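Novice: Coordinates in upload.txt, compact mmCIF, C-alpha atoms and all ligand atoms, are listed below.
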```txt
# COMPACT_ATOMS: atom_id res chain seq x y z
CA MET E 262 43.61 117.09 -78.99
CA THR E 263 45.18 113.68 -78.68
CA THR E 264 44.88 110.08 -79.84
CA LEU E 265 45.94 107.15 -77.68
CA VAL E 266 47.82 104.48 -79.63
CA LEU E 267 48.26 101.20 -77.76
CA HIS E 268 51.28 99.14 -78.83
CA TYR E 269 49.12 96.06 -78.56
CA ARG E 270 51.62 93.17 -78.73
CA ARG E 271 50.40 89.90 -77.30
CA THR E 272 52.34 90.02 -74.02
CA ALA E 273 51.23 93.61 -73.30
CA ARG E 274 47.51 93.25 -73.88
CA HIS E 275 46.37 92.55 -70.33
CA ALA E 276 48.33 95.50 -68.94
CA LEU E 277 47.08 97.79 -71.69
CA ASN E 278 43.47 96.65 -71.16
CA VAL E 279 43.79 97.73 -67.52
CA LEU E 280 45.15 101.13 -68.57
CA LEU E 281 42.46 101.53 -71.20
CA GLY E 282 39.82 100.78 -68.57
CA ALA E 283 41.21 103.67 -66.50
CA VAL E 284 41.21 105.97 -69.56
CA GLU E 285 37.60 105.02 -70.31
CA ALA E 286 36.59 105.71 -66.71
CA HIS E 287 38.27 109.12 -66.40
CA PRO E 288 35.91 112.00 -67.25
CA ALA E 289 38.68 113.95 -68.98
CA THR E 290 39.73 111.09 -71.28
CA ALA E 291 36.62 108.94 -71.79
CA GLU E 292 36.21 110.29 -75.32
CA VAL E 293 39.87 110.15 -76.41
CA PRO E 294 40.12 108.10 -79.63
CA VAL E 295 42.03 104.84 -79.16
CA VAL E 296 43.88 102.78 -81.78
CA PHE E 297 45.01 99.19 -81.16
CA ALA E 298 48.30 98.76 -83.00
CA PRO E 299 49.67 95.19 -82.89
CA SER E 300 52.89 95.90 -84.83
CA PRO E 301 55.44 98.70 -85.30
CA GLU E 302 53.96 99.34 -88.76
CA ALA E 303 50.48 99.72 -87.24
CA VAL E 304 51.87 102.11 -84.60
CA ALA E 305 53.50 104.21 -87.35
CA ASP E 306 50.28 104.24 -89.41
CA ALA E 307 48.21 105.27 -86.38
CA ALA E 308 50.67 108.03 -85.45
CA ARG E 309 50.68 109.41 -89.00
CA ALA E 310 46.86 109.33 -89.17
CA ALA E 311 46.56 111.16 -85.84
CA LEU E 312 49.01 113.84 -86.93
CA ALA E 313 47.15 114.29 -90.24
CA ALA E 314 43.94 114.79 -88.25
CA GLY E 315 45.58 117.48 -86.11
CA ARG E 316 45.88 115.24 -83.02
CA ARG E 317 49.02 114.60 -80.97
CA PRO E 318 49.57 110.82 -80.73
CA VAL E 319 50.50 109.34 -77.37
CA VAL E 320 51.85 105.81 -77.90
CA ALA E 321 51.62 103.58 -74.82
CA TRP E 322 54.14 100.71 -74.57
CA SER E 323 54.19 98.10 -71.79
CA PHE E 324 56.67 95.24 -71.57
CA TYR E 325 58.57 92.85 -69.35
CA THR E 326 62.33 92.54 -69.13
CA ALA E 327 62.25 89.44 -71.35
CA SER E 328 60.93 91.45 -74.31
CA PHE E 329 62.78 94.72 -73.71
CA ASP E 330 65.30 94.25 -76.53
CA GLU E 331 62.56 93.39 -79.05
CA VAL E 332 60.42 96.33 -77.99
CA ALA E 333 63.38 98.73 -78.17
CA ALA E 334 64.02 97.57 -81.75
CA GLU E 335 60.35 98.09 -82.59
CA LEU E 336 60.44 101.61 -81.16
CA ALA E 337 63.48 102.39 -83.33
CA ARG E 338 61.56 101.22 -86.41
CA VAL E 339 58.60 103.44 -85.55
CA ARG E 340 60.89 106.42 -84.96
CA ASP E 341 62.62 105.84 -88.30
CA THR E 342 59.25 105.67 -90.06
CA VAL E 343 57.67 108.65 -88.28
CA PRO E 344 60.50 110.94 -87.12
CA ASP E 345 58.16 113.56 -85.69
CA ALA E 346 58.75 114.97 -82.20
CA ARG E 347 55.02 115.45 -81.69
CA VAL E 348 54.64 111.65 -81.36
CA LEU E 349 55.02 110.93 -77.64
CA HIS E 350 56.29 107.43 -76.82
CA VAL E 351 55.48 106.48 -73.21
CA ALA E 352 56.80 103.28 -71.62
CA GLY E 353 55.36 101.58 -68.55
CA GLY E 354 55.25 98.20 -66.87
CA PRO E 355 57.64 96.35 -64.57
CA HIS E 356 60.83 96.75 -66.57
CA ALA E 357 60.41 100.47 -67.35
CA SER E 358 59.43 101.21 -63.73
CA ALA E 359 62.46 99.41 -62.36
CA ASP E 360 64.94 100.80 -64.89
CA PRO E 361 63.63 104.17 -66.11
CA ALA E 362 67.10 105.40 -67.12
CA GLY E 363 67.79 102.36 -69.29
CA THR E 364 64.32 102.58 -70.81
CA LEU E 365 64.71 106.26 -71.68
CA ALA E 366 68.12 105.50 -73.16
CA ALA E 367 66.37 103.09 -75.54
CA GLY E 368 64.52 106.06 -77.03
CA PHE E 369 61.28 106.49 -75.11
CA ASP E 370 60.17 110.07 -74.37
CA LEU E 371 58.63 109.33 -71.00
CA VAL E 372 58.55 106.49 -68.50
CA ALA E 373 55.54 105.97 -66.22
CA ILE E 374 57.01 104.82 -62.91
CA GLY E 375 54.83 102.45 -60.88
CA GLU E 376 51.11 102.01 -61.40
CA GLY E 377 49.82 103.67 -64.56
CA GLU E 378 46.04 103.84 -64.03
CA GLU E 379 46.15 107.43 -62.80
CA THR E 380 49.33 108.51 -64.56
CA LEU E 381 48.16 107.76 -68.12
CA PRO E 382 44.72 109.47 -68.06
CA ALA E 383 46.26 112.53 -66.39
CA LEU E 384 49.00 112.63 -69.04
CA LEU E 385 46.46 112.32 -71.87
CA ALA E 386 44.36 115.09 -70.35
CA ARG E 387 47.40 117.41 -70.29
CA VAL E 388 48.36 116.58 -73.88
CA ALA E 389 44.76 117.11 -75.04
CA VAL E 390 44.79 120.73 -73.87
CA GLY E 391 48.38 121.45 -74.94
CA ASP E 392 49.95 121.39 -71.47
CA ASP E 393 53.42 120.02 -70.72
CA PRO E 394 53.02 116.20 -70.66
CA ARG E 395 55.67 115.95 -67.93
CA ALA E 396 53.84 118.20 -65.45
CA GLY E 397 52.37 115.44 -63.28
CA PRO E 398 53.47 112.73 -60.84
CA GLY E 399 54.80 109.30 -61.74
CA LEU E 400 56.97 110.20 -64.73
CA ALA E 401 60.65 110.21 -65.75
CA TRP E 402 62.30 111.81 -68.77
CA LEU E 403 65.71 112.84 -70.05
CA ASP E 404 66.80 116.43 -69.67
CA GLY E 405 70.18 117.55 -70.95
CA GLY E 406 71.52 114.00 -70.87
CA GLY E 407 70.42 113.31 -67.28
CA MET E 408 67.22 111.76 -66.01
CA ARG E 409 64.61 113.85 -64.25
CA THR E 410 61.60 112.44 -62.48
CA SER E 411 58.41 113.75 -60.92
CA GLY E 412 58.53 110.85 -58.43
CA ARG E 413 56.47 107.77 -58.13
CA GLY E 414 52.68 108.11 -58.20
CA PRO E 415 50.83 106.94 -55.07
CA PRO E 416 49.34 103.42 -55.12
CA VAL E 417 45.96 103.45 -56.82
CA ASP E 418 42.65 102.50 -55.17
CA LEU E 419 41.83 99.22 -56.91
CA ASP E 420 38.15 99.43 -55.95
CA ALA E 421 37.87 102.80 -57.69
CA LEU E 422 39.31 101.59 -60.99
CA PRO E 423 38.18 99.03 -63.58
CA PRO E 424 40.18 95.81 -64.03
CA PHE E 425 39.76 95.95 -67.83
CA ALA E 426 38.12 97.99 -70.59
CA VAL E 427 34.50 96.88 -70.77
CA ARG E 428 33.35 99.64 -73.11
CA ALA E 429 35.97 98.70 -75.70
CA GLY E 430 35.26 95.01 -75.10
CA ARG E 431 38.91 94.44 -74.17
CA ILE E 432 38.69 91.97 -71.32
CA GLY E 433 41.53 90.37 -69.41
CA PRO E 434 41.95 88.53 -66.14
CA LEU E 435 40.18 89.99 -63.12
CA GLU E 436 42.92 91.23 -60.78
CA ILE E 437 41.77 90.31 -57.28
CA THR E 438 45.01 91.18 -55.47
CA ARG E 439 48.00 93.44 -56.22
CA GLY E 440 51.36 93.45 -54.46
CA CYS E 441 52.85 90.63 -52.42
CA VAL E 442 53.85 90.21 -48.77
CA TRP E 443 56.67 87.84 -49.64
CA ALA E 444 59.86 89.20 -51.10
CA CYS E 445 61.39 86.45 -53.22
CA ARG E 446 64.70 87.84 -54.35
CA PHE E 447 64.14 87.13 -58.07
CA CYS E 448 60.66 88.68 -58.31
CA HIS E 449 59.51 92.13 -59.46
CA THR E 450 56.12 92.11 -57.75
CA PRO E 451 56.89 93.22 -54.17
CA PHE E 452 59.45 95.76 -55.36
CA LEU E 453 57.11 97.26 -57.99
CA PHE E 454 53.90 97.28 -55.95
CA ARG E 455 55.30 97.36 -52.40
CA ALA E 456 55.47 94.34 -50.11
CA ARG E 457 51.85 94.22 -49.03
CA PHE E 458 48.59 92.92 -50.39
CA ARG E 459 45.83 95.11 -51.76
CA HIS E 460 42.71 93.04 -52.36
CA ARG E 461 39.74 94.24 -54.43
CA SER E 462 36.61 94.11 -52.28
CA LEU E 463 34.00 91.39 -52.70
CA ASP E 464 31.34 93.87 -53.87
CA THR E 465 33.65 95.30 -56.51
CA LEU E 466 34.69 91.89 -57.77
CA ALA E 467 31.06 90.78 -58.03
CA ARG E 468 30.25 93.91 -60.02
CA TRP E 469 33.05 93.24 -62.51
CA ALA E 470 32.15 89.57 -62.82
CA ARG E 471 28.59 90.64 -63.65
CA ALA E 472 29.95 93.13 -66.19
CA LEU E 473 31.34 90.18 -68.14
CA ALA E 474 27.75 89.29 -69.00
CA LYS E 475 27.75 92.36 -71.25
CA VAL E 476 30.61 91.12 -73.39
CA ASP E 477 31.24 87.97 -75.30
CA THR E 478 33.61 86.34 -72.84
CA ARG E 479 33.06 82.81 -71.66
CA ASP E 480 35.83 82.50 -69.09
CA LEU E 481 36.81 84.50 -66.04
CA ARG E 482 40.38 84.04 -64.88
CA VAL E 483 41.66 85.78 -61.79
CA LEU E 484 45.00 87.53 -61.57
CA THR E 485 46.86 87.45 -58.27
CA PRO E 486 50.35 86.55 -57.03
CA SER E 487 48.81 84.12 -54.54
CA ALA E 488 45.26 82.89 -55.14
CA LEU E 489 44.64 81.56 -51.62
CA SER E 490 45.77 84.83 -50.04
CA TRP E 491 42.69 86.82 -51.01
CA GLY E 492 41.17 88.35 -47.85
CA SER E 493 44.34 87.89 -45.77
CA PRO E 494 46.53 90.84 -44.81
CA ASP E 495 49.61 88.66 -44.38
CA GLY E 496 51.02 85.29 -45.36
CA GLY E 497 48.05 83.39 -43.96
CA CYS E 498 45.18 81.68 -45.77
CA ASP E 499 41.60 82.47 -44.70
CA LEU E 500 39.45 79.70 -46.16
CA ALA E 501 36.19 81.38 -45.12
CA ALA E 502 37.22 84.44 -47.15
CA ILE E 503 38.24 82.24 -50.07
CA GLU E 504 34.88 80.45 -50.06
CA ALA E 505 33.05 83.79 -49.97
CA LEU E 506 35.14 84.96 -52.93
CA LEU E 507 34.59 81.84 -55.02
CA ALA E 508 30.86 81.60 -54.25
CA THR E 509 30.39 85.28 -55.08
CA LEU E 510 32.25 85.08 -58.39
CA ARG E 511 30.45 81.87 -59.31
CA GLU E 512 27.05 83.40 -58.69
CA ALA E 513 27.89 86.71 -60.39
CA LEU E 514 29.10 84.93 -63.52
CA GLY E 515 25.86 83.07 -63.96
CA PRO E 516 25.40 79.87 -65.96
CA GLY E 517 27.43 79.10 -69.07
CA ARG E 518 30.61 80.85 -67.95
CA ARG E 519 33.71 79.26 -66.50
CA LEU E 520 35.74 80.36 -63.48
CA PHE E 521 39.53 79.75 -63.23
CA VAL E 522 41.28 80.29 -59.90
CA GLY E 523 44.70 78.90 -58.99
CA SER E 524 45.69 78.34 -62.61
CA PHE E 525 47.48 80.84 -64.86
CA PRO E 526 47.61 83.83 -64.33
CA SER E 527 47.24 83.06 -60.65
CA GLU E 528 49.12 80.51 -58.62
CA LEU E 529 49.11 78.83 -55.24
CA ARG E 530 51.71 79.11 -52.52
CA PRO E 531 52.54 75.49 -51.59
CA GLU E 532 51.99 75.97 -47.87
CA HIS E 533 48.42 77.16 -48.57
CA VAL E 534 47.48 74.02 -50.47
CA SER E 535 45.36 71.76 -48.27
CA PRO E 536 42.61 69.20 -48.97
CA GLU E 537 40.08 71.77 -47.70
CA ALA E 538 41.35 74.55 -50.00
CA LEU E 539 41.39 72.22 -53.00
CA ALA E 540 37.84 71.05 -52.23
CA LEU E 541 36.73 74.69 -52.54
CA LEU E 542 38.49 75.04 -55.91
CA ARG E 543 36.88 71.81 -57.13
CA ARG E 544 33.45 72.93 -55.97
CA TYR E 545 33.38 76.42 -57.47
CA CYS E 546 35.97 76.53 -60.27
CA ASP E 547 36.38 74.94 -63.68
CA ASN E 548 40.17 74.54 -63.85
CA ARG E 549 41.46 71.01 -63.50
CA THR E 550 45.08 72.24 -63.31
CA VAL E 551 46.58 74.20 -60.44
CA VAL E 552 49.83 76.13 -60.63
CA ILE E 553 52.07 75.73 -57.57
CA GLY E 554 55.09 77.94 -56.98
CA GLY E 555 57.87 75.50 -56.11
CA GLN E 556 61.01 77.15 -57.58
CA SER E 557 63.57 74.66 -56.22
CA GLY E 558 63.97 71.25 -54.65
CA SER E 559 66.81 72.57 -52.49
CA ASP E 560 65.97 73.91 -49.02
CA ARG E 561 69.23 75.84 -49.05
CA LEU E 562 68.28 77.70 -52.25
CA LEU E 563 64.68 78.22 -51.11
CA ALA E 564 66.05 79.93 -48.00
CA SER E 565 68.52 82.05 -49.96
CA MET E 566 65.79 83.30 -52.31
CA GLN E 567 63.56 84.03 -49.25
CA ARG E 568 60.67 81.94 -50.49
CA GLY E 569 59.29 81.29 -47.01
CA HIS E 570 58.58 77.58 -47.54
CA ASP E 571 60.59 74.39 -47.82
CA ALA E 572 60.86 71.72 -50.50
CA GLU E 573 58.70 69.25 -48.60
CA SER E 574 55.73 71.64 -48.67
CA VAL E 575 55.93 71.61 -52.50
CA THR E 576 55.86 67.81 -52.66
CA ARG E 577 52.98 67.74 -50.19
CA ALA E 578 50.98 70.36 -52.12
CA ALA E 579 51.38 68.42 -55.37
CA ARG E 580 50.26 65.21 -53.64
CA PHE E 581 47.15 66.92 -52.21
CA ALA E 582 46.32 68.28 -55.68
CA LEU E 583 46.62 64.87 -57.30
CA GLU E 584 44.49 63.32 -54.56
CA ALA E 585 41.86 65.99 -55.24
CA GLY E 586 41.80 65.11 -58.95
CA LEU E 587 43.71 68.22 -60.03
CA THR E 588 46.90 68.21 -62.10
CA PRO E 589 49.61 70.26 -60.38
CA SER E 590 51.93 72.30 -62.60
CA VAL E 591 54.92 73.15 -60.43
CA ASP E 592 57.16 76.11 -61.24
CA PHE E 593 60.93 75.63 -61.01
CA ILE E 594 63.71 78.11 -61.73
CA PHE E 595 67.14 76.92 -62.88
CA GLY E 596 70.51 78.65 -62.74
CA LEU E 597 69.66 80.63 -59.60
CA PRO E 598 72.42 82.69 -57.95
CA GLY E 599 74.56 80.55 -55.69
CA GLU E 600 73.21 77.30 -57.16
CA MET E 601 75.59 74.38 -56.62
CA GLU E 602 75.61 70.78 -57.76
CA ASP E 603 73.96 69.60 -54.51
CA ASP E 604 71.09 72.02 -55.16
CA ARG E 605 70.73 70.90 -58.75
CA ARG E 606 70.70 67.26 -57.69
CA ALA E 607 67.98 67.95 -55.10
CA THR E 608 65.86 69.79 -57.69
CA ARG E 609 66.26 67.06 -60.29
CA ALA E 610 65.23 64.46 -57.71
CA ALA E 611 62.19 66.53 -56.73
CA MET E 612 61.16 66.97 -60.38
CA GLY E 613 61.56 63.26 -61.05
CA ARG E 614 59.37 62.35 -58.06
CA LEU E 615 56.71 64.89 -59.03
CA ALA E 616 56.59 63.73 -62.65
CA ALA E 617 56.39 60.07 -61.60
CA ALA E 618 53.40 60.93 -59.40
CA GLY E 619 51.59 62.67 -62.28
CA ALA E 620 52.53 66.34 -61.79
CA ARG E 621 53.92 68.58 -64.51
CA VAL E 622 57.07 70.68 -64.22
CA HIS E 623 56.96 74.27 -65.48
CA ALA E 624 60.59 75.14 -66.12
CA HIS E 625 62.16 78.61 -66.16
CA ALA E 626 65.75 79.82 -66.50
CA PHE E 627 66.70 82.50 -63.97
CA MET E 628 66.59 85.98 -65.45
CA PRO E 629 67.97 88.90 -63.42
CA LEU E 630 65.26 91.57 -63.26
CA PRO E 631 65.99 95.25 -62.65
CA GLY E 632 64.79 96.54 -59.30
CA THR E 633 65.13 93.16 -57.56
CA PRO E 634 67.84 92.14 -55.06
CA TRP E 635 69.24 89.75 -57.68
CA ALA E 636 69.31 92.33 -60.50
CA ARG E 637 73.09 92.16 -60.80
CA GLU E 638 73.44 88.40 -60.68
CA PRO E 639 74.37 86.55 -63.87
CA PRO E 640 71.57 84.99 -65.94
CA GLY E 641 70.81 81.34 -65.30
CA ARG E 642 72.46 78.54 -67.27
CA LEU E 643 71.14 75.02 -67.21
CA ASP E 644 73.64 72.24 -66.61
CA ALA E 645 73.71 69.25 -68.94
CA ALA E 646 72.07 66.80 -66.53
CA THR E 647 69.14 69.14 -65.84
CA GLN E 648 68.73 69.87 -69.55
CA ALA E 649 68.66 66.15 -70.29
CA LEU E 650 66.08 65.49 -67.58
CA LEU E 651 63.86 68.35 -68.76
CA GLY E 652 64.14 67.09 -72.34
CA ARG E 653 62.97 63.62 -71.26
CA LEU E 654 60.14 65.02 -69.15
CA ALA E 655 59.04 67.38 -71.95
CA ALA E 656 58.98 64.50 -74.44
CA SER E 657 56.46 62.68 -72.25
CA GLY E 658 54.44 65.82 -71.57
CA ALA E 659 55.59 66.06 -67.94
CA ALA E 660 57.54 69.31 -68.43
CA HIS E 661 56.77 72.50 -70.28
CA GLY E 662 58.02 76.06 -70.35
CA GLN E 663 60.28 78.51 -72.10
CA TRP E 664 63.53 77.70 -70.33
CA ARG E 665 65.66 77.48 -73.47
CA ARG E 666 64.37 80.81 -74.80
CA GLN E 667 64.74 82.48 -71.40
CA GLU E 668 68.32 81.27 -71.16
CA GLU E 669 69.11 82.69 -74.62
CA ARG E 670 67.35 86.00 -73.92
CA ALA E 671 69.01 86.49 -70.56
CA LEU E 672 72.40 85.97 -72.17
CA ARG E 673 71.62 88.68 -74.76
CA MET E 674 70.79 91.23 -72.04
CA PRO E 675 73.47 93.94 -71.53
CA PRO E 676 75.90 93.27 -68.70
CA LYS E 677 74.93 95.00 -65.45
CA GLY E 678 76.59 98.35 -64.95
CA ALA E 679 77.23 98.74 -68.70
S1 LIG E 701 57.43 84.99 -56.49
FE1 LIG E 701 55.25 85.07 -55.92
S2 LIG E 701 55.29 84.85 -53.67
FE2 LIG E 701 57.36 85.46 -54.28
S3 LIG E 701 57.37 87.71 -54.12
FE3 LIG E 701 56.84 87.17 -56.26
S4 LIG E 701 54.64 87.18 -56.33
FE4 LIG E 701 55.23 87.05 -54.15
```
Would you encode the structure as structure tokens?
Ligand code: SF4

Specialist:
Amino acid sequence: MTTLVLHYRRTARHALNVLLGAVEAHPATAEVPVVFAPSPEAVADAARAALAAGRRPVVAWSFYTASFDEVAAELARVRDTVPDARVLHVAGGPHASADPAGTLAAGFDLVAIGEGEETLPALLARVAVGDDPRAGPGLAWLDGGGMRTSGRGPPVDLDALPPFAVRAGRIGPLEITRGCVWACRFCHTPFLFRARFRHRSLDTLARWARALAKVDTRDLRVLTPSALSWGSPDGGCDLAAIEALLATLREALGPGRRLFVGSFPSELRPEHVSPEALALLRRYCDNRTVVIGGQSGSDRLLASMQRGHDAESVTRAARFALEAGLTPSVDFIFGLPGEMEDDRRATRAAMGRLAAAGARVHAHAFMPLPGTPWAREPPGRLDAATQALLGRLAASGAAHGQWRRQEERALRMPPKGA
């Protein structure tokens, strides 16, 4: 017998809700008891209670690179409090998948590599009957000091799996698309989920939107790397498909609920933003902000990061959004590999123009992510002029973001190859 303990820290909740939905839907694990543990102390309490009840606790952890050091420290606290080898600590998510060896070295028993919706229920089912937890695909573990792996699990069928855990009332964004056809050199997504789109079907999305009526959730937000890509197999934008999607979600939600598309946690590629696309968002959706992936004001840097668009398309997209009555929030990344003063000057000029027109800047410091082509590049530092400009823009509400914290965190990360 087993108990599933979810290390339910704020930044992991959406990922864990998806996994819990898969556990709820699997016939072998639908009845497994689940504990939501928001702190290391709660994880330790849940593990002790499960052991006392004769159940083997499986603790699921999911985290991004930015929180890896904090999560590793939390795991150490749990292990100190409950030093019992029957407690199985399993790590998943983008960081663990991309760096299983480093994650295991931090003290986890198992790493789920890739998508976890089939890996976790199968693992729980094995633990429940006393089988070897490692005897299934998609896992990595340490063996005699070296890492062993059962390979990467195959990509899951999104239409066959829930996007969140309705039975437990744990709702998150509705993931309409997974994977990405672009391959921006700083980004985990195409390297974790393969460089292609998998879209949930319209029928499936309507069913899940209707399921929200059963829970006390007022808003539906979609999750996708590129909101105007739904229905397209490639980098194009099929507005007929987008209208069908928006109209279907709107109708399925019914009155009194709000629909958010093109705002966090989804964003718009700048070259997809057109007056026609924005008119659809205005007609069917409730967000009055759109998030546009800009990343840099320098064409040279945009080319070197393989973004697939130029700086002018970002300016144009922001102008279209403002003309449509939407506030654009434009993402920029600072301290990118190869960044030179000319690039910084171009980005500062672009940010200044955008802010003067009424857009907001969402500022990020470059963080090298494992598994990406820029994994071994140094973390981003912001130069004094850019810091000063961001400070001025933030003071007037025209810039927001975690750039200072990201800069500090990236500098605390262990040097590559250490
Ligand atoms: S940054 Fe966005 S567009 Fe680029 S690869 Fe990642 S998800 Fe795709």

Novice: List as a VMD selection string the protein and nucleic acid residues near E:Pro415, meaning an atom at most 10 Å away when all atoms listed in the file are counted, but skip any in the same chain fewer than 2 places from it.

Specialist: chain E and resid 375 to 376 379 to 380 398 to 399 412 to 413 417 to 418

Novice: Kindly work out which residues sit at most 8 Å from ligand LIG 701 (chain E), using all atoms listed in the file, and give the list as a list in words.

Specialist: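 Every residue with an atom at most 8 Å from ligand LIG 701 (chain E) is listed here: Gly440, Cys441, Val442, Trp443, Ala444, Cys445, Arg446, Phe447, Cys448, His449, Thr450, Pro451, Ala456, Pro486, Ser487, Arg530, Gly554 and Arg568 of chain E.
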
Novice: Skip E:Ile374 itself and residues of its chain fewer than 5 positions away, then list as number ranges by chain all residues within 12 Å of it, counting all atoms listed in the file.

Specialist: E: 323, 351-362, 364-365, 379-381, 397-402, 409-416, 453-454, 632

Novice: So what do you get for atom CA of E:Arg461 versus atom CA of E:Gly569, distance-wise?

Specialist: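 Taking atom CA of E:Arg461 and atom CA of E:Gly569, their separation equals 24.6 Å.
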
Novice: The residues within 10 Å of (49.1, 109.4, -84.3), using only C-alpha atoms and the coordinates of the file, should be reported as a VMD selection string; which are they?

Specialist: chain E and resid 263 to 266 295 to 296 304 to 320 343 347 to 349

Novice: Can you tell me which residues surround E:Arg653 at a distance of at most 12 Å, considering only C-alpha atoms, apart from same-chain residues fewer than 4 positions away, and format the answer as a tab-separated table (two decimals) with C-alpha atoms, in the frame of the given file?

Specialist:
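What landed in around-v8.tsv:
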```
chain	number	residue	atom	x	y	z
E	609	ARG	CA	66.26	67.06	-60.29
E	612	MET	CA	61.16	66.97	-60.38
E	613	GLY	CA	61.56	63.26	-61.05
E	616	ALA	CA	56.59	63.73	-62.65
E	622	VAL	CA	57.07	70.68	-64.22
E	646	ALA	CA	72.07	66.80	-66.53
E	647	THR	CA	69.14	69.14	-65.84
E	648	GLN	CA	68.73	69.87	-69.55
E	649	ALA	CA	68.66	66.15	-70.29
E	657	SER	CA	56.46	62.68	-72.25
E	658	GLY	CA	54.44	65.82	-71.57
E	659	ALA	CA	55.59	66.06	-67.94
E	660	ALA	CA	57.54	69.31	-68.43
E	661	HIS	CA	56.77	72.50	-70.28
```

Novice: Env of E:Arg471: 8 Å cut, atoms = only C-alpha atoms, seq-sep filter 4 positions within chain, self excluded. Answer as a list in words.

Specialist: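 Once the adjacent positions are removed, what remains is Ala467, Lys475, Ala513 and Leu514 of chain E.
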
Novice: What is the atom CA of E:Ala389 to atom CA of E:Ala291 distance in Å?

Specialist: 12.0 Å

Novice: Which residue, E:Pro516, E:Pro631, E:Pro526, E:Gly407, has the smallest gap to E:Ile437 when you use all atoms listed in the file?

Specialist: E:Pro526

Novice: Would you list the contacts of E:Ala626 as a PDB file with C-alpha atoms, keeping the file's coordinate frame, taking every protein, DNA or RNA residue within 12 Å and counting all atoms listed in the file, but skipping same-chain residues closer than 4 positions in sequence?

Specialist:
```pdb
ATOM      1  CA  ALA E 327      62.250  89.440 -71.350  1.00  0.00           C
ATOM      2  CA  PHE E 447      64.140  87.130 -58.070  1.00  0.00           C
ATOM      3  CA  GLN E 556      61.010  77.150 -57.580  1.00  0.00           C
ATOM      4  CA  SER E 557      63.570  74.660 -56.220  1.00  0.00           C
ATOM      5  CA  ASP E 592      57.160  76.110 -61.240  1.00  0.00           C
ATOM      6  CA  PHE E 593      60.930  75.630 -61.010  1.00  0.00           C
ATOM      7  CA  ILE E 594      63.710  78.110 -61.730  1.00  0.00           C
ATOM      8  CA  PHE E 595      67.140  76.920 -62.880  1.00  0.00           C
ATOM      9  CA  GLY E 596      70.510  78.650 -62.740  1.00  0.00           C
ATOM     10  CA  LEU E 597      69.660  80.630 -59.600  1.00  0.00           C
ATOM     11  CA  PRO E 598      72.420  82.690 -57.950  1.00  0.00           C
ATOM     12  CA  PRO E 639      74.370  86.550 -63.870  1.00  0.00           C
ATOM     13  CA  PRO E 640      71.570  84.990 -65.940  1.00  0.00           C
ATOM     14  CA  GLY E 641      70.810  81.340 -65.300  1.00  0.00           C
ATOM     15  CA  ARG E 642      72.460  78.540 -67.270  1.00  0.00           C
ATOM     16  CA  LEU E 643      71.140  75.020 -67.210  1.00  0.00           C
ATOM     17  CA  ASP E 644      73.640  72.240 -66.610  1.00  0.00           C
ATOM     18  CA  THR E 647      69.140  69.140 -65.840  1.00  0.00           C
ATOM     19  CA  GLN E 648      68.730  69.870 -69.550  1.00  0.00           C
ATOM     20  CA  LEU E 651      63.860  68.350 -68.760  1.00  0.00           C
ATOM     21  CA  GLY E 662      58.020  76.060 -70.350  1.00  0.00           C
ATOM     22  CA  GLN E 663      60.280  78.510 -72.100  1.00  0.00           C
ATOM     23  CA  TRP E 664      63.530  77.700 -70.330  1.00  0.00           C
ATOM     24  CA  ARG E 665      65.660  77.480 -73.470  1.00  0.00           C
ATOM     25  CA  ARG E 666      64.370  80.810 -74.800  1.00  0.00           C
ATOM     26  CA  GLN E 667      64.740  82.480 -71.400  1.00  0.00           C
ATOM     27  CA  GLU E 668      68.320  81.270 -71.160  1.00  0.00           C
ATOM     28  CA  GLU E 669      69.110  82.690 -74.620  1.00  0.00           C
ATOM     29  CA  ARG E 670      67.350  86.000 -73.920  1.00  0.00           C
ATOM     30  CA  ALA E 671      69.010  86.490 -70.560  1.00  0.00           C
ATOM     31  CA  LEU E 672      72.400  85.970 -72.170  1.00  0.00           C
TER      32      LEU E 672
END
```

Novice: Enter the distance from atom CA of E:Arg543 to atom CA of E:Ala656, in Å, rounded to one decimal.

Specialist: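 A separation of 29.0 Å between them.
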
Novice: Complete stretch 393-398 of chain E at the level of N, CA and C atoms, written as a compact mmCIF listing (two decimals), in the coordinates of the input.

Specialist:
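Output saved as selection26.txt:
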```
# COMPACT_ATOMS: atom_id res chain seq x y z
N ASP E 393 52.19 120.81 -70.75
CA ASP E 393 53.42 120.02 -70.72
C ASP E 393 53.09 118.60 -70.25
N PRO E 394 53.36 117.58 -71.07
CA PRO E 394 53.02 116.20 -70.66
C PRO E 394 53.72 115.78 -69.38
N ARG E 395 54.87 116.40 -69.08
CA ARG E 395 55.67 115.95 -67.93
C ARG E 395 55.19 116.53 -66.60
N ALA E 396 54.20 117.44 -66.65
CA ALA E 396 53.84 118.20 -65.45
C ALA E 396 52.89 117.44 -64.53
N GLY E 397 53.21 116.22 -64.19
CA GLY E 397 52.37 115.44 -63.28
C GLY E 397 53.20 114.36 -62.62
N PRO E 398 52.69 113.74 -61.57
CA PRO E 398 53.47 112.73 -60.84
C PRO E 398 53.62 111.42 -61.61
```
